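Visitor: So that we are looking at the same thing, I have put the structure below in structure tokens.
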Amino acid sequence: MSKVKTVQEAMEFIQDGMTVMLPGFLGVGTPKALIDAICERRVGDLTVIYNDGAFPGVGIGKLVRCGLVRKMISTHTGTNPELVKAVADGKIEMELLPQGTLVERIRAAGAGLGGILTPTGVGTSVEEGKTVMELDGNTYLLELPLRADIALLYAFKGDTAGNLVYRRTARNFNPIMATAADLVIAEVENLVDIGEVEPEHVVTPGIFVDIVVKGV
Amino acid sequence: MSKVKTVQEAMEFIQDGMTVMLPGFLGVGTPKALIDAICERRVGDLTVIYNDGAFPGVGIGKLVRCGLVRKMISTHTGTNPELVKAVADGKIEMELLPQGTLVERIRAAGAGLGGILTPTGVGTSVEEGKTVMELDGNTYLLELPLRADIALLYAFKGDTAGNLVYRRTARNFNPIMATAADLVIAEVENLVDIGEVEPEHVVTPGIFVDIVVKGV
Amino acid sequence: MTLPSSPKDLIAWRVAKELNYGEIVNLGIGTPTLVSNYISPEMNITFQSENGFVGMGALAKPGEEIPDLTNAGGQWVTLVPGAAFFDTAMSFIIIRGGHIDVTVLGALEVDERGYLANYWIPGRGGPGIGGGMDLVVGTKRVIVAMEHIRRDGEPKIVPRCSLPITAKRMVDLIVTDMAVIRPTTEGLVLREVAPGVTVDEVLAKTSACLIVPDDVGEMVA
Amino acid sequence: MTLPSSPKDLIAWRVAKELNYGEIVNLGIGTPTLVSNYISPEMNITFQSENGFVGMGALAKPGEEIPDLTNAGGQWVTLVPGAAFFDTAMSFIIIRGGHIDVTVLGALEVDERGYLANYWIPGRGGPGIGGGMDLVVGTKRVIVAMEHIRRDGEPKIVPRCSLPITAKRMVDLIVTDMAVIRPTTEGLVLREVAPGVTVDEVLAKTSACLIVPDDVGEMVA
């Protein structure tokens, strides 16, 4: 069974107010056609989980510029002055996390774990409101799972069953976010028939992917 | 710099009483030459972390038959009657864990995490002696990191810098165990020059590997 | 079609009817493995194997074994198109993280709470836990596939497990060579009997209390 | 050799001397990135980039950019033989798990405890944490590479950080354009001064208490 749909069809699953996971690192590894479609349809009030602020008008920066983001869960905003300003003006709520904590929280959700203990953030502003645990003389923060309603992935190649491979540093958050959303839509640059991705090279097995769209 | 050594040279790092991680699933994905060398040198009193009992005389079963194992941390022994008997006779101490817990404990050690919360084992014999935590109405066990002195990997192909790729189901515990031992020795079936493993296909980056030996 | 005559095949056949189009399924060692014999390719079922892949096909023919390609029971198997390999960490993200629709596994005992025991016989050592606890905890639907009674004739469906339980989770369905039983919060409900088996015979071979509704059916093709 | 004359290059050059053969190194954005200019290939240093690879080479020449191959600062880079890509989870297994030997990163402030602050200026928003907290917590040796004073002339090496700290970890070394300072449990120890800089000048530009031993050296090639 093919999971391929048009971007238009895929858009019907994205609604106002949803929590959306977007992979990427300064815009690399972020789906383009899907973000464009969200901007066109003006799906708003979104909570977006994304590593950084990318750049003004690029990747997540496009959603910010379109005014569709209500809250961001992120690790870094400094590269996008528009986002920094929106946060300072109180237009976007920001939850700032260490990058390793962000990825482990997402992974915990995808892996069915109740949380993880990390030494990162102990004794810093990240500690606020979190459970601190001492184990064997070391101090850790209990970090809880982070799920989304929907994850929008970007893959260099994918087959019709959703088996995905990524290219170079565009892999980043894609494989982990694929595990932790109720619905997973993958935008693939190169769409191939099932079986045309070598089983040994698949990074995200198709069982995680609900919908495949061809990138533009 | 090449990390390649002979099996004989690698053996000098393995000593009586060490905790040894051995990947494999019923013998698939377990290094052969290294285990043979341990048996020949009769390095004993080992604590072995291995998924299962494999089969009599095969993989970890060879170490069991040679009487070199003092304790096993494992998930399943039933396929190896010699191991079952040794445990029943009190000759080998056994710590039995769920498979998903075993791999996450190893990963936590490799990832610098203080532990993970898993729902697996709650209300069962696995719970004994562990911290039970309630979060949002769900119950979890706190499982602690599991490290080893040494990990002995098996890879289908590896370069002289220790970049490894695995074959089919022989991957199993290899990539995770590579992260969680003080010394990592990889036995590779096919040894190639540095750069001959496609960077996109590397599963275990060479930075985790201290010594590479050619399998026989 | 005529129903399979061997007890194990009957169980496997009946379990197969529970699977829906496109589902991701993990089959335990033994009788559960036989379920795949009763699944047509049109069902588009994907089989996951906890030793590290999805897209498991039939057993490999003797002489056609593919190196390093075995299932969780150590048997040589084949792949279907769309298969993917991964490590144990990813395998248990899939298993514990709720990404498997149905787990079919054997049991030593199931009780009135719907709890199963399948990993340890005290005093007899093995076989061990393996992936079983994670599968029972993490899978959306858990089906127990087992013969109705032990080899010594004693019941396996009991008021309360005497062996250590695998998880505090009510399984979704119990399929045996005598009956189909659905655990509920009210207790175990008898849903179907095997061809030629009466309700009274099931009750006689079951030490657990069974709720017997008016509409108990018979396994039919 | 003559020492680099620009402050940033001097810092990068001096940090480079701290790296040992075969080490795994993460270089932060800005001045730390320049460190790789002073590392010879014979040193066999492996550079990790937290956006997902090891084996980072030089910046890509204009017109020779490789698609989807950027460093953690978003610059186009190249690979060296033996490189490997991975996802963010693996990247932070490497970082937090102690698999990196040396992290070189900038700071807004460092204090007498050896704590650094580098992620947040209250009231000014960004830049944010990124991988910094994990790197400081997880790396074996942390080297702060920064200019000795702020653009407004105020000291960056202070009694106690006024900005939020990045981690409760004493960094291993502070390298500035004026000095090399080693945090210890007794306090900050001045180890070297830059060529043409006196100890008194360093003390004047440092609000933290510095321990000045008899054998303060000068940065030399």
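Naming scheme: A, B, ... for chains in displayed order of the structure tokens; residues 1 onward per chain; ligands 1 onward as shown.
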Using only C-alpha atoms, determine which residues of chain C fall within 10 Å of chain B; present them as a count of residues only.

Guide: 52

Visitor: Using only C-alpha atoms, which protein or nucleic acid residues come within 12 Å of segment 190-197 of chain A? Drop anything in the same chain fewer than 6 positions from it, and give the result as a PyMOL selection string.

Guide: (chain A and resi 1-5+154-167+203-206+212-216) or (chain C and resi 55+79-85)

Visitor: When you count only C-alpha atoms, which of these residues is closest to Leu173 of chain C: C:Val102, C:Ile39, C:Val216, C:Val144?

Guide: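 Among C:Val102, C:Ile39, C:Val216, C:Val144, it is C:Val144 that comes nearest to Leu173 of chain C.
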
Visitor: Could you list the residues in chain B lying within 9 Å of chain A, using only C-alpha atoms, and format the result as a list in words?

Guide: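 Applying the cut-off to the listed atoms yields Ala108, Gly112, Leu113, Gly114, Gly115, Ile116, Leu117, Thr118, Pro119, Thr120, Leu135, Asn138, Thr139, Tyr140, Leu141, Leu142, Tyr166, Arg167, Arg168, Pro199, Glu200 and His201 of chain B.
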
Visitor: Measure the distance from atom CA of Pro183 of chain C to atom CA of Leu3 of chain C in Å and round it to one decimal.

Guide: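 Atom CA of Leu3 of chain C lies 24.8 Å from atom CA of Pro183 of chain C.
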
Visitor: Please list as a list in words every residue within 8 Å of segment 201-204 of chain C, counting only C-alpha atoms and excluding residues in the same chain fewer than 4 positions away.

Guide: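 So, after excluding close chain neighbours, the residues are Met178, Ala179, Val193, Val197 and Leu210 of chain C.
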
Visitor: Next, write the just-selected residues to a file, as a compact mmCIF listing (two decimals), in the first residue's frame, keeping C-alpha atoms as the atom set.

Guide:
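So the final result, stored in selection30.txt, reads:
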```txt
# COMPACT_ATOMS: atom_id res chain seq x y z
CA MET C 178 -10.46 -24.89 22.64
CA ALA C 179 -11.69 -21.33 22.91
CA VAL C 193 -15.42 -22.39 21.21
CA VAL C 197 -15.85 -28.38 21.59
CA LEU C 210 -15.35 -17.77 32.91
```

Visitor: List every residue of segment 5-221 of chain C that DSSP, applied to the backbone of this structure, assigns to strand (DSSP E), and report them as a ChimeraX atom specification.

Guide: /C:24-27,46-49,53-59,77-85,102-105,109-111,116-117,141-145,157-158,173-175,179-184,187-193,210-211,217-218

Visitor: Check the smallest atom-to-atom distance from each of C:Glu218, C:Asp152, C:Asp9, C:Asp111 to Ile174 of chain C using only C-alpha atoms, then report the winner.

Guide: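 Of C:Glu218, C:Asp152, C:Asp9, C:Asp111, the one nearest Ile174 of chain C is C:Asp111, counting only C-alpha atoms.
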
Visitor: In Å, rounded to a single decimal, give me how far atom CA of Leu152 of chain B is from atom CA of Ala37 of chain B.

Guide: 11.8 Å

Visitor: Any chance you could list, as a ChimeraX atom specification, the residues in segment 2-213 of chain A that come up helix (DSSP H, G or I) when DSSP is run on the backbone?

Guide: /A:7-11,33-41,60-65,81-88,99-111,125-127,168-170,174-177,206-208

Visitor: Leaving out Leu34 of chain B and any residue of its chain fewer than 3 positions from it, which residues lie within 12 Å of it when counting only C-alpha atoms, given as JSON, numbers by chain?

Guide: {"B": [6, 7, 8, 9, 10, 11, 12, 13, 14, 20, 22, 30, 31, 37, 38, 39, 40, 41, 42, 43, 59, 60, 62, 63, 151, 152, 153, 154, 185, 186, 187, 188, 211, 212, 213, 214, 215, 216]}

Visitor: Tell me, in Å to one decimal, how far atom CA of Gly22 of chain D is from atom CA of Arg147 of chain B.

Guide: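 Separation of atom CA of Gly22 of chain D and atom CA of Arg147 of chain B: 23.8 Å.
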